[in-house]
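Engineer: Data file upload.cif (mmCIF, C-alpha atoms and all ligand atoms) is appended below.
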```cif
data_entry
#
loop_
_atom_site.label_atom_id
_atom_site.label_comp_id
_atom_site.auth_asym_id
_atom_site.auth_seq_id
_atom_site.Cartn_x
_atom_site.Cartn_y
_atom_site.Cartn_z
CA MET R 11 -0.23 11.09 -13.69
CA ASP R 12 -3.29 12.04 -15.66
CA LYS R 13 -5.42 9.11 -14.49
CA SER R 14 -6.82 8.01 -11.16
CA LEU R 15 -4.42 5.88 -9.17
CA VAL R 16 -4.58 2.84 -6.94
CA ILE R 17 -1.80 2.48 -4.36
CA LEU R 18 -1.57 -0.98 -2.85
CA GLY R 19 0.60 -2.91 -0.48
CA SER R 20 2.33 -5.69 -2.41
CA GLN R 21 3.41 -7.65 0.65
CA TRP R 22 1.96 -8.41 4.11
CA GLY R 23 1.25 -4.77 4.93
CA ASP R 24 3.47 -2.06 6.43
CA GLU R 25 5.14 -1.26 3.10
CA GLY R 26 5.08 2.48 3.72
CA LYS R 27 1.92 3.29 1.74
CA GLY R 28 0.97 6.19 4.02
CA LYS R 29 4.00 8.23 3.04
CA ILE R 30 3.50 7.49 -0.67
CA VAL R 31 -0.18 8.46 -0.57
CA ASP R 32 0.61 11.68 1.28
CA LEU R 33 3.35 12.45 -1.24
CA LEU R 34 1.16 11.91 -4.30
CA THR R 35 -2.04 13.46 -2.91
CA PRO R 36 -1.42 16.96 -4.36
CA GLN R 37 -2.06 15.53 -7.84
CA TYR R 38 -5.51 14.11 -6.95
CA ASP R 39 -8.89 15.50 -5.98
CA TYR R 40 -10.00 12.60 -3.78
CA VAL R 41 -8.24 10.07 -1.52
CA VAL R 42 -10.24 6.94 -0.73
CA ARG R 43 -9.90 4.22 1.92
CA TYR R 44 -12.04 1.31 0.75
CA GLN R 45 -11.45 -1.70 3.03
CA GLY R 46 -10.18 -2.78 6.44
CA GLY R 47 -10.52 -0.59 9.49
CA SER R 48 -8.39 0.57 12.39
CA ASN R 49 -6.22 -2.55 11.99
CA ALA R 50 -4.31 -0.47 9.42
CA GLY R 51 -1.49 1.82 10.46
CA HIS R 52 -0.34 4.43 7.97
CA THR R 53 2.49 6.65 9.11
CA VAL R 54 3.14 10.07 7.65
CA ILE R 55 6.10 12.15 8.82
CA ILE R 56 6.07 15.89 8.21
CA GLY R 57 8.95 17.86 9.70
CA ASP R 58 9.36 16.71 13.27
CA ARG R 59 5.81 15.41 13.61
CA LYS R 60 4.72 11.84 13.05
CA TYR R 61 1.09 11.07 12.27
CA ALA R 62 -0.18 7.52 12.70
CA LEU R 63 -3.40 7.19 10.75
CA HIS R 64 -5.58 4.11 11.08
CA LEU R 65 -8.97 4.86 9.57
CA ILE R 66 -8.68 8.26 7.96
CA PRO R 67 -7.14 8.37 4.47
CA SER R 68 -3.54 9.59 4.41
CA GLY R 69 -4.61 12.47 2.11
CA ILE R 70 -6.22 14.24 5.08
CA LEU R 71 -3.00 16.10 5.86
CA ARG R 72 -3.16 18.05 2.58
CA GLU R 73 -5.51 20.98 2.22
CA GLY R 74 -8.30 21.09 -0.32
CA LYS R 75 -8.61 17.32 -0.84
CA LYS R 76 -11.70 15.23 -0.27
CA ASN R 77 -11.00 12.12 1.81
CA LEU R 78 -13.50 9.29 1.67
CA ILE R 79 -14.01 6.30 3.95
CA THR R 80 -16.15 4.16 1.68
CA ASN R 81 -18.60 1.33 2.28
CA GLY R 82 -16.00 -1.48 2.39
CA VAL R 83 -14.38 -0.06 5.54
CA VAL R 84 -15.52 -1.11 9.01
CA VAL R 85 -15.52 1.92 11.30
CA ALA R 86 -15.01 2.01 15.07
CA LEU R 87 -16.53 5.36 16.00
CA ASP R 88 -14.43 5.81 19.14
CA GLU R 89 -11.21 5.30 17.19
CA LEU R 90 -12.35 7.53 14.35
CA ILE R 91 -13.13 10.37 16.73
CA GLU R 92 -9.85 9.94 18.63
CA GLU R 93 -7.96 10.01 15.35
CA MET R 94 -9.79 13.15 14.26
CA GLU R 95 -8.89 14.83 17.55
CA ARG R 96 -5.21 13.92 17.14
CA ILE R 97 -5.01 15.76 13.81
CA ARG R 98 -7.56 18.50 14.43
CA ASP R 99 -4.89 21.15 14.79
CA VAL R 100 -3.69 20.40 11.24
CA VAL R 101 -7.06 19.78 9.61
CA GLY R 102 -9.33 22.23 11.45
CA ASP R 103 -12.87 21.59 10.26
CA PHE R 104 -13.43 18.10 8.80
CA LYS R 105 -16.54 19.19 6.88
CA ASP R 106 -15.91 19.02 3.12
CA ARG R 107 -12.62 17.27 3.83
CA LEU R 108 -13.70 13.91 5.29
CA TYR R 109 -16.71 11.85 4.18
CA ILE R 110 -17.89 8.52 5.61
CA SER R 111 -20.06 6.20 3.60
CA ASP R 112 -23.64 5.77 4.77
CA ARG R 113 -23.16 2.08 3.91
CA ALA R 114 -20.02 1.57 6.02
CA HIS R 115 -20.45 -0.95 8.82
CA ILE R 116 -19.68 -0.09 12.41
CA VAL R 117 -17.26 -1.93 14.69
CA PHE R 118 -18.86 -2.25 18.14
CA PRO R 119 -17.20 -3.12 21.48
CA TYR R 120 -18.63 -6.65 21.25
CA HIS R 121 -16.69 -7.20 18.04
CA LYS R 122 -13.47 -6.48 19.91
CA ILE R 123 -14.47 -8.89 22.68
CA LEU R 124 -15.22 -11.59 20.09
CA ASP R 125 -11.89 -10.96 18.31
CA GLY R 126 -10.01 -11.53 21.58
CA LEU R 127 -11.97 -14.65 22.52
CA SER R 128 -11.67 -16.16 19.05
CA GLU R 129 -7.90 -15.66 19.08
CA LYS R 130 -7.59 -17.07 22.60
CA SER R 131 -9.59 -20.15 21.67
CA LYS R 132 -7.30 -20.88 18.71
CA GLY R 133 -4.25 -21.36 20.95
CA ASN R 134 -1.15 -21.94 18.85
CA ALA R 135 -3.15 -21.63 15.65
CA LYS R 136 -4.09 -18.02 16.38
CA VAL R 137 -3.94 -15.58 13.47
CA GLY R 138 -2.27 -12.87 15.54
CA THR R 139 -4.94 -10.30 14.69
CA THR R 140 -4.70 -6.68 15.76
CA LEU R 141 -7.60 -7.37 18.20
CA LYS R 142 -9.46 -4.38 16.78
CA GLY R 143 -12.63 -6.38 16.15
CA ILE R 144 -12.18 -6.28 12.38
CA GLY R 145 -12.88 -9.97 11.63
CA PRO R 146 -16.02 -10.13 13.81
CA ALA R 147 -17.31 -6.85 12.29
CA TYR R 148 -17.03 -8.36 8.79
CA MET R 149 -18.64 -11.55 10.15
CA SER R 150 -21.62 -9.46 11.29
CA LYS R 151 -21.75 -7.81 7.87
CA TYR R 152 -21.90 -11.14 6.05
CA ALA R 153 -24.24 -12.68 8.63
CA ARG R 154 -26.52 -9.71 7.93
CA THR R 155 -26.58 -8.66 11.57
CA GLY R 156 -24.25 -5.71 11.00
CA ILE R 157 -25.20 -2.10 11.61
CA ARG R 158 -24.37 0.63 9.12
CA MET R 159 -23.90 4.38 9.38
CA ALA R 160 -27.25 4.93 7.64
CA ASP R 161 -29.01 2.97 10.40
CA LEU R 162 -27.92 5.46 13.04
CA PHE R 163 -30.09 8.19 11.51
CA ASP R 164 -33.09 6.12 12.62
CA PRO R 165 -32.56 5.57 16.38
CA PRO R 166 -35.47 3.12 17.01
CA TYR R 167 -34.32 0.95 14.08
CA PHE R 168 -30.71 1.12 15.30
CA ARG R 169 -31.82 0.17 18.82
CA GLU R 170 -33.75 -2.84 17.54
CA ARG R 171 -30.82 -4.09 15.44
CA LEU R 172 -28.39 -3.49 18.30
CA GLU R 173 -30.57 -5.50 20.71
CA ASN R 174 -30.61 -8.45 18.30
CA ALA R 175 -26.90 -8.23 17.51
CA MET R 176 -25.95 -7.99 21.17
CA ALA R 177 -28.22 -10.88 22.14
CA GLU R 178 -26.37 -12.98 19.58
CA ALA R 179 -22.93 -11.76 20.73
CA LYS R 180 -23.89 -12.49 24.37
CA SER R 181 -24.93 -16.00 23.51
CA ILE R 182 -21.66 -16.66 21.63
CA VAL R 183 -19.55 -15.23 24.45
CA GLU R 184 -21.37 -17.22 27.12
CA LYS R 185 -22.21 -20.46 25.33
CA VAL R 186 -19.29 -20.88 22.96
CA TYR R 187 -16.51 -19.33 25.01
CA GLY R 188 -17.98 -19.78 28.52
CA GLU R 189 -17.13 -16.20 29.47
CA ARG R 190 -19.17 -13.40 31.07
CA PHE R 191 -20.67 -10.78 28.78
CA ASP R 192 -20.88 -7.52 30.70
CA LEU R 193 -21.80 -5.05 27.97
CA SER R 194 -25.24 -3.49 28.28
CA VAL R 195 -27.36 -2.52 25.30
CA ASP R 196 -28.24 0.80 27.00
CA GLN R 197 -24.59 1.69 27.40
CA VAL R 198 -23.54 0.73 23.86
CA TYR R 199 -26.59 2.48 22.44
CA SER R 200 -26.02 5.75 24.27
CA ASP R 201 -22.24 5.75 23.67
CA THR R 202 -22.82 5.14 19.96
CA MET R 203 -25.44 7.88 19.60
CA ARG R 204 -23.24 10.34 21.49
CA MET R 205 -20.28 9.58 19.22
CA PHE R 206 -22.40 9.51 16.07
CA GLU R 207 -23.55 13.09 16.73
CA LYS R 208 -19.93 14.19 16.29
CA VAL R 209 -19.59 12.68 12.81
CA ALA R 210 -23.15 12.53 11.46
CA ASP R 211 -22.66 15.53 9.20
CA LEU R 212 -19.73 13.76 7.50
CA VAL R 213 -21.86 10.79 6.44
CA ALA R 214 -22.56 10.73 2.71
CA ASP R 215 -23.33 8.52 -0.28
CA THR R 216 -19.69 8.06 -1.23
CA SER R 217 -20.53 5.62 -4.03
CA LEU R 218 -22.49 8.37 -5.78
CA MET R 219 -19.84 10.99 -5.05
CA LEU R 220 -17.12 8.83 -6.63
CA ASP R 221 -19.22 7.88 -9.61
CA GLN R 222 -19.92 11.54 -10.33
CA ALA R 223 -16.30 12.56 -9.72
CA LEU R 224 -14.87 9.90 -12.04
CA LYS R 225 -17.40 10.65 -14.77
CA LYS R 226 -16.48 14.34 -14.55
CA GLY R 227 -12.81 13.42 -15.02
CA GLU R 228 -11.76 14.26 -11.48
CA LYS R 229 -8.82 12.23 -10.22
CA VAL R 230 -9.06 9.77 -7.37
CA LEU R 231 -6.30 8.13 -5.39
CA PHE R 232 -7.46 4.81 -3.93
CA GLU R 233 -5.46 3.87 -0.85
CA GLY R 234 -5.24 0.17 -0.09
CA ALA R 235 -4.72 -0.89 3.51
CA GLN R 236 -2.83 -3.95 4.77
CA GLY R 237 -1.28 -5.75 1.79
CA THR R 238 -2.05 -8.09 -1.07
CA MET R 239 -0.75 -11.17 0.75
CA LEU R 240 -3.27 -10.53 3.56
CA ASP R 241 -6.22 -10.49 1.13
CA ILE R 242 -9.08 -12.71 2.33
CA ASP R 243 -9.36 -14.44 -1.06
CA MET R 244 -5.85 -14.35 -2.48
CA GLY R 245 -3.63 -14.12 0.60
CA THR R 246 -2.09 -16.80 2.79
CA TYR R 247 -5.44 -17.99 4.10
CA PRO R 248 -6.32 -18.41 6.98
CA TYR R 249 -3.49 -16.11 8.09
CA VAL R 250 -5.06 -13.11 6.42
CA THR R 251 -7.23 -10.14 7.25
CA SER R 252 -10.96 -10.28 6.65
CA SER R 253 -11.32 -7.97 3.66
CA ASN R 254 -10.02 -7.82 0.09
CA SER R 255 -6.85 -5.87 0.70
CA SER R 256 -5.76 -6.22 -2.93
CA ALA R 257 -7.16 -4.34 -5.93
CA LEU R 258 -9.89 -6.99 -6.00
CA GLY R 259 -11.67 -5.15 -3.20
CA LEU R 260 -11.95 -1.87 -5.08
CA CYS R 261 -15.38 -2.31 -6.65
CA ASN R 262 -17.18 -3.85 -3.73
CA GLY R 263 -15.38 -1.58 -1.29
CA THR R 264 -16.33 1.65 -3.05
CA GLY R 265 -19.59 0.81 -4.76
CA VAL R 266 -18.13 1.97 -8.06
CA SER R 267 -18.41 0.11 -11.36
CA PRO R 268 -15.39 -1.94 -12.55
CA LYS R 269 -15.60 0.02 -15.82
CA LEU R 270 -14.78 3.25 -14.00
CA ILE R 271 -12.23 1.76 -11.61
CA GLY R 272 -10.57 -0.06 -14.52
CA GLN R 273 -9.36 3.22 -15.96
CA ALA R 274 -7.06 3.83 -13.00
CA GLU R 275 -3.35 3.17 -12.92
CA VAL R 276 -2.19 0.65 -10.28
CA LEU R 277 1.07 0.96 -8.37
CA GLY R 278 2.28 -1.49 -5.76
CA VAL R 279 4.38 -0.50 -2.78
CA SER R 280 7.01 -2.95 -1.65
CA LYS R 281 9.80 -2.72 0.87
CA ALA R 282 13.27 -3.60 -0.38
CA TYR R 283 13.01 -6.55 1.99
CA LEU R 284 9.99 -8.20 3.62
CA THR R 285 8.15 -8.14 6.93
CA ARG R 286 5.11 -9.75 8.43
CA VAL R 287 3.23 -9.22 11.72
CA GLY R 288 1.17 -12.00 13.16
CA ALA R 289 1.30 -15.66 12.28
CA GLY R 290 1.41 -17.42 8.93
CA PRO R 291 3.90 -18.72 6.38
CA PHE R 292 6.83 -16.55 5.35
CA PRO R 293 9.31 -18.50 3.19
CA THR R 294 12.11 -15.89 3.24
CA GLU R 295 11.89 -15.17 6.98
CA LEU R 296 15.29 -14.77 8.69
CA LYS R 297 15.28 -15.94 12.27
CA ASP R 298 18.91 -14.96 12.75
CA SER R 299 21.12 -11.92 13.25
CA VAL R 300 20.42 -10.74 9.68
CA GLY R 301 16.69 -10.68 10.46
CA ASP R 302 17.42 -8.84 13.72
CA ARG R 303 19.52 -6.32 11.83
CA LEU R 304 16.68 -5.64 9.37
CA ARG R 305 14.26 -5.20 12.29
CA GLU R 306 16.49 -2.77 14.16
CA LYS R 307 17.60 -0.78 11.12
CA GLY R 308 14.08 -0.70 9.68
CA LYS R 309 12.44 0.01 13.08
CA GLU R 310 10.12 -2.88 12.35
CA TYR R 311 7.58 -2.63 15.14
CA GLY R 312 3.82 -2.45 14.41
CA THR R 313 2.18 1.00 14.07
CA THR R 314 -1.11 -0.33 15.43
CA THR R 315 0.02 -2.92 17.97
CA GLY R 316 3.71 -2.19 18.61
CA ARG R 317 4.55 -5.88 17.99
CA PRO R 318 8.01 -6.71 16.60
CA ARG R 319 7.67 -7.61 12.93
CA ARG R 320 9.11 -10.78 11.45
CA CYS R 321 11.76 -9.85 8.87
CA GLY R 322 13.31 -11.50 5.83
CA TRP R 323 14.63 -11.02 2.30
CA LEU R 324 12.50 -9.72 -0.56
CA ASP R 325 10.36 -12.50 -2.02
CA LEU R 326 9.95 -11.99 -5.76
CA VAL R 327 7.70 -15.05 -6.11
CA ALA R 328 5.15 -13.34 -3.86
CA LEU R 329 5.77 -9.97 -5.52
CA ARG R 330 5.24 -11.43 -9.01
CA PHE R 331 1.94 -12.84 -7.75
CA ALA R 332 0.94 -9.45 -6.32
CA VAL R 333 1.79 -7.72 -9.60
CA ARG R 334 -0.38 -10.18 -11.51
CA ILE R 335 -3.53 -10.24 -9.40
CA ASN R 336 -3.58 -6.48 -8.96
CA GLY R 337 -2.65 -5.65 -12.54
CA MET R 338 0.14 -3.43 -11.23
CA ASP R 339 1.63 -1.02 -13.75
CA GLY R 340 4.71 -0.41 -11.67
CA LEU R 341 6.34 -0.72 -8.26
CA ILE R 342 7.45 1.75 -5.64
CA ILE R 343 10.27 0.45 -3.47
CA THR R 344 10.48 1.78 0.06
CA LYS R 345 13.06 1.54 2.85
CA LEU R 346 15.92 0.96 0.43
CA ASP R 347 18.26 2.61 2.93
CA VAL R 348 17.67 -0.24 5.41
CA LEU R 349 19.81 -2.43 3.10
CA ASP R 350 22.58 0.18 2.87
CA HIS R 351 25.35 -1.60 4.73
CA PHE R 352 24.81 -5.24 3.86
CA GLU R 353 27.74 -6.97 2.15
CA GLU R 354 25.33 -9.03 0.13
CA ILE R 355 21.60 -8.86 -0.47
CA LYS R 356 19.40 -11.78 -1.36
CA VAL R 357 16.12 -11.93 -3.23
CA ALA R 358 14.03 -15.08 -3.68
CA VAL R 359 13.33 -15.75 -7.35
CA ALA R 360 11.66 -19.18 -6.97
CA TYR R 361 10.81 -21.80 -4.34
CA GLU R 362 11.97 -25.33 -4.06
CA TYR R 363 9.19 -27.69 -3.05
CA GLU R 364 9.95 -31.38 -2.62
CA GLY R 365 12.74 -31.25 -5.17
CA GLN R 366 10.74 -29.21 -7.68
CA LEU R 367 11.28 -25.60 -8.67
CA ILE R 368 8.13 -23.51 -8.45
CA LYS R 369 7.71 -19.93 -9.59
CA GLU R 370 3.99 -19.41 -8.88
CA PHE R 371 2.78 -18.60 -5.39
CA PRO R 372 0.91 -21.69 -4.09
CA ALA R 373 -2.58 -21.66 -2.55
CA SER R 374 -1.95 -24.45 -0.07
CA LEU R 375 -0.53 -23.43 3.25
CA LYS R 376 0.94 -26.89 3.69
CA VAL R 377 2.84 -26.54 0.42
CA LEU R 378 3.95 -23.03 1.27
CA GLU R 379 5.23 -24.11 4.67
CA LYS R 380 7.55 -26.57 2.96
CA CYS R 381 8.75 -24.15 0.26
CA LYS R 382 12.41 -23.20 0.52
CA PRO R 383 13.42 -19.97 -1.18
CA VAL R 384 15.81 -20.13 -4.10
CA TYR R 385 17.90 -17.01 -3.79
CA LYS R 386 19.72 -14.80 -6.20
CA THR R 387 22.55 -13.11 -4.30
CA LEU R 388 23.40 -9.53 -5.20
CA LYS R 389 26.32 -7.41 -4.14
CA GLY R 390 25.45 -4.83 -1.48
CA TRP R 391 26.15 -1.15 -2.20
CA ASN R 392 27.77 -0.56 1.17
CA SER R 393 27.08 3.16 1.12
CA SER R 394 24.31 5.40 2.32
CA THR R 395 21.28 5.97 0.13
CA SER R 396 19.45 7.57 3.00
CA GLY R 397 17.70 10.74 1.90
CA LEU R 398 19.05 10.63 -1.68
CA LYS R 399 16.90 12.62 -4.11
CA ASP R 400 18.78 12.30 -7.37
CA ARG R 401 18.77 9.17 -9.52
CA ASP R 402 22.31 9.84 -10.71
CA SER R 403 23.61 9.53 -7.19
CA LEU R 404 22.38 5.93 -6.84
CA PRO R 405 25.19 3.35 -6.66
CA GLU R 406 25.48 0.87 -9.49
CA GLN R 407 24.54 -2.04 -7.19
CA VAL R 408 21.18 -0.36 -6.47
CA TRP R 409 20.50 -0.37 -10.22
CA ASP R 410 21.35 -4.10 -10.29
CA PHE R 411 18.88 -4.67 -7.48
CA ILE R 412 16.19 -2.69 -9.36
CA LYS R 413 16.95 -4.56 -12.59
CA THR R 414 16.48 -7.92 -10.84
CA VAL R 415 13.13 -6.82 -9.41
CA GLU R 416 12.00 -5.57 -12.82
CA GLU R 417 13.11 -8.72 -14.64
CA GLU R 418 11.41 -11.02 -12.17
CA THR R 419 8.13 -9.09 -11.95
CA SER R 420 7.98 -7.75 -15.51
CA VAL R 421 6.98 -4.26 -14.37
CA PRO R 422 9.10 -1.13 -13.92
CA VAL R 423 10.21 0.21 -10.57
CA VAL R 424 8.89 3.75 -10.87
CA MET R 425 9.96 5.25 -7.56
CA LEU R 426 12.31 4.70 -4.66
CA SER R 427 11.63 5.98 -1.20
CA THR R 428 14.91 6.78 0.54
CA GLY R 429 13.70 7.87 3.97
CA PRO R 430 10.58 8.54 6.03
CA GLU R 431 10.21 12.26 5.20
CA ARG R 432 7.81 13.51 2.52
CA SER R 433 10.72 14.84 0.45
CA GLU R 434 12.89 11.68 0.50
CA TYR R 435 12.16 9.92 -2.77
CA ILE R 436 13.42 9.52 -6.33
CA TRP R 437 11.24 9.14 -9.43
CA LEU R 438 12.88 6.67 -11.77
CA ARG R 439 10.48 7.02 -14.70
P1 LIG L 1 -6.89 -8.42 11.59
O1 LIG L 1 -6.90 -7.64 10.33
O2 LIG L 1 -6.76 -7.57 12.83
O3 LIG L 1 -8.01 -9.38 11.67
O4 LIG L 1 -5.56 -9.31 11.58
C1 LIG L 1 -5.36 -10.36 10.63
C2 LIG L 1 -3.90 -10.42 10.18
O5 LIG L 1 -3.61 -9.27 9.41
C3 LIG L 1 -2.87 -10.41 11.32
O6 LIG L 1 -1.75 -11.18 10.94
C4 LIG L 1 -2.47 -8.95 11.42
O7 LIG L 1 -1.17 -8.79 11.98
C5 LIG L 1 -2.49 -8.57 9.96
N1 LIG L 1 -2.74 -7.14 9.74
C6 LIG L 1 -3.91 -6.47 9.82
N2 LIG L 1 -3.75 -5.19 9.51
C7 LIG L 1 -2.44 -5.03 9.21
C8 LIG L 1 -1.67 -3.91 8.77
O8 LIG L 1 -2.15 -2.79 8.55
N3 LIG L 1 -0.34 -4.16 8.56
C9 LIG L 1 0.20 -5.38 8.72
N4 LIG L 1 -0.48 -6.45 9.11
C10 LIG L 1 -1.80 -6.27 9.36
#
```
Any chance you could give the structure as structure tokens?
Structural biologist:
Amino acid sequence: MDKSLVILGSQWGDEGKGKIVDLLTPQYDYVVRYQGGSNAGHTVIIGDRKYALHLIPSGILREGKKNLITNGVVVALDELIEEMERIRDVVGDFKDRLYISDRAHIVFPYHKILDGLSEKSKGNAKVGTTLKGIGPAYMSKYARTGIRMADLFDPPYFRERLENAMAEAKSIVEKVYGERFDLSVDQVYSDTMRMFEKVADLVADTSLMLDQALKKGEKVLFEGAQGTMLDIDMGTYPYVTSSNSSALGLCNGTGVSPKLIGQAEVLGVSKAYLTRVGAGPFPTELKDSVGDRLREKGKEYGTTTGRPRRCGWLDLVALRFAVRINGMDGLIITKLDVLDHFEEIKVAVAYEYEGQLIKEFPASLKVLEKCKPVYKTLKGWNSSTSGLKDRDSLPEQVWDFIKTVEEETSVPVVMLSTGPERSEYIWLR
């Protein structure tokens, strides 16, 4: 690993990226979160402690690393501060360890209100968002009514922008949704300034920092949040998140030139099966006892919302698509042990759509809803891979499973994660 590295979710999020980032961090100088916000949930387990990170890069738990929240992230100050407090005993002083971009937009309480009302108004067509205000915060950004970290250093300017933004939010809440808007500008202003004081000395020009670091040959680990299939442009729109959660978001999310980012290696993280939280198409979903078994065995309940996740077999059509659009050099397969005691294991290698075989992931939701997976059935290994650390101890059927994934995606599987602990993994290459 002599280059910078991008770690991405290859599916609909929750692939276990947090553990992988934490595991690989010692080899890098910087760890960077570049999109999304507290909708993300990255779990890292060290000994008997479990850390659920939402906004702070998963590299924070390792000493001597610089962790950056760059301009593409939307930051809820209350959640950031709470998260810092939860890990303060491990981290100590955040200075020189955590940096927040001066260009990062802020998620305000009115964004959360708007997220809830927008979802409610959609009825059955709701996206199933995390209700963290992420979509409305990005809407403010693109409507040019957003407020950035840099603005908070100039209180009168911040106050003026907040008054305008809140007047607009009030009018949407009252006129569009017919609900009361009880937030006061004074309250939001003073709460924000009070919270900002606690993090102001962590605010920095992270675009410049990264540019200088990469030009000096320092190594950066870019940590994607959510997953490729939730990407606003390339995911299963409109059942997606509101940022570019694939590698496509790296340049705009960090403010770093594609020439510099392009030198990094890209690895995708994928579970050995598939899950999704929230609504949207999911061709290999199992709404039966097999799906329930995956959920129970894999403890598939959301880190951020606690919602039960929808479960199904690994979809290699979607994975092939993720490999292509991200330029993935290899795959890391997590939660292999969840499949340990299945007699047979299926993987979708194509879809059948109105009598035709398709191998490319379709853009149209209507097409996708009608796609039936074409499965390849593999023999289960019927033994425990939980906690295995040696490639020679892997059963032959696991190698068949890996071979199928590699053949269908045309990239190597470089690592297997065999349990939640930092030490439970096997390098295959
Ligand atoms: P939002 O990002 O809260 O707007 O939610 C949009 C969609 O993305 C919903 O289906 C969420 O369940 C999903 N989503 C957002 N963040 C994550 C994540 O970190 N893991 C899995 N799904 C997520």
Engineer: Return the single residue from R:Ile123, R:Met338, R:Leu231, R:Leu388 that is closest to Val279 (chain R), with distances computed using only C-alpha atoms.
Structural biologist: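 Counting only C-alpha atoms, the residue closest to Val279 (chain R) is R:Met338.
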Engineer: How many Å separate CA of Gly234 (chain R) from CA of Gly47 (chain R)?
Structural biologist: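 Taking CA of Gly234 (chain R) as the start and CA of Gly47 (chain R) as the end point, the length is 11.0 Å.
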Engineer: Please give me, as a PyMOL selection string, the residues lying within 9 Å of ligand LIG 1 (chain L) when counting all atoms listed in the file.
Structural biologist: chain R and resi 21-25+46-52+64+125+137-146+235-237+240-241+248-253+285-290+312-315+317+319
Engineer: CA of Leu78 (chain R) to CA of Gly265 (chain R): how many Å, to one decimal?
Structural biologist: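 Separation between CA of Leu78 (chain R) and CA of Gly265 (chain R): 12.3 Å.
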Engineer: With all atoms listed in the file as the atoms that count, which of R:Ile335, R:Val101, R:Val195, R:Ala86 lies nearest to Glu370 (chain R)?
Structural biologist: R:Ile335
Engineer: Could you please determine the separation between CA of Ile116 (chain R) and CA of Tyr40 (chain R) in Å, to one decimal place?
Structural biologist: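 Result for CA of Ile116 (chain R) versus CA of Tyr40 (chain R): 22.7 Å, one decimal.
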Engineer: Add whatever atoms are absent from region 145-149 of chain R to reach all heavy atoms, and provide the output as a PDB file, in the frame of the given file.
Structural biologist:
```
ATOM      1  N   GLY R 145     -12.291  -8.710  12.129  1.00  0.00           N
ATOM      2  CA  GLY R 145     -12.880  -9.970  11.630  1.00  0.00           C
ATOM      3  C   GLY R 145     -14.332 -10.113  12.061  1.00  0.00           C
ATOM      4  O   GLY R 145     -15.225 -10.313  11.221  1.00  0.00           O
ATOM      5  N   PRO R 146     -14.625 -10.007  13.374  1.00  0.00           N
ATOM      6  CA  PRO R 146     -16.020 -10.130  13.810  1.00  0.00           C
ATOM      7  C   PRO R 146     -16.952  -9.070  13.185  1.00  0.00           C
ATOM      8  O   PRO R 146     -18.127  -9.342  12.939  1.00  0.00           O
ATOM      9  CB  PRO R 146     -15.926  -9.987  15.330  1.00  0.00           C
ATOM     10  CG  PRO R 146     -14.563 -10.545  15.641  1.00  0.00           C
ATOM     11  CD  PRO R 146     -13.683 -10.070  14.508  1.00  0.00           C
ATOM     12  N   ALA R 147     -16.440  -7.867  12.918  1.00  0.00           N
ATOM     13  CA  ALA R 147     -17.310  -6.850  12.290  1.00  0.00           C
ATOM     14  C   ALA R 147     -17.677  -7.294  10.872  1.00  0.00           C
ATOM     15  O   ALA R 147     -18.830  -7.158  10.437  1.00  0.00           O
ATOM     16  CB  ALA R 147     -16.609  -5.491  12.261  1.00  0.00           C
ATOM     17  N   TYR R 148     -16.701  -7.842  10.126  1.00  0.00           N
ATOM     18  CA  TYR R 148     -17.030  -8.360   8.790  1.00  0.00           C
ATOM     19  C   TYR R 148     -17.921  -9.604   8.902  1.00  0.00           C
ATOM     20  O   TYR R 148     -18.764  -9.846   8.044  1.00  0.00           O
ATOM     21  CB  TYR R 148     -15.762  -8.682   7.987  1.00  0.00           C
ATOM     22  CG  TYR R 148     -15.103  -7.456   7.386  1.00  0.00           C
ATOM     23  CD1 TYR R 148     -13.880  -6.995   7.856  1.00  0.00           C
ATOM     24  CD2 TYR R 148     -15.697  -6.758   6.331  1.00  0.00           C
ATOM     25  CE1 TYR R 148     -13.269  -5.875   7.293  1.00  0.00           C
ATOM     26  CE2 TYR R 148     -15.093  -5.645   5.765  1.00  0.00           C
ATOM     27  CZ  TYR R 148     -13.879  -5.204   6.252  1.00  0.00           C
ATOM     28  OH  TYR R 148     -13.285  -4.097   5.693  1.00  0.00           O
ATOM     29  N   MET R 149     -17.745 -10.392   9.972  1.00  0.00           N
ATOM     30  CA  MET R 149     -18.640 -11.550  10.150  1.00  0.00           C
ATOM     31  C   MET R 149     -20.079 -11.068  10.314  1.00  0.00           C
ATOM     32  O   MET R 149     -21.001 -11.611   9.723  1.00  0.00           O
ATOM     33  CB  MET R 149     -18.227 -12.372  11.381  1.00  0.00           C
ATOM     34  CG  MET R 149     -17.041 -13.271  11.117  1.00  0.00           C
ATOM     35  SD  MET R 149     -16.325 -13.911  12.645  1.00  0.00           S
ATOM     36  CE  MET R 149     -17.564 -15.111  13.103  1.00  0.00           C
TER      37      MET R 149
END
```
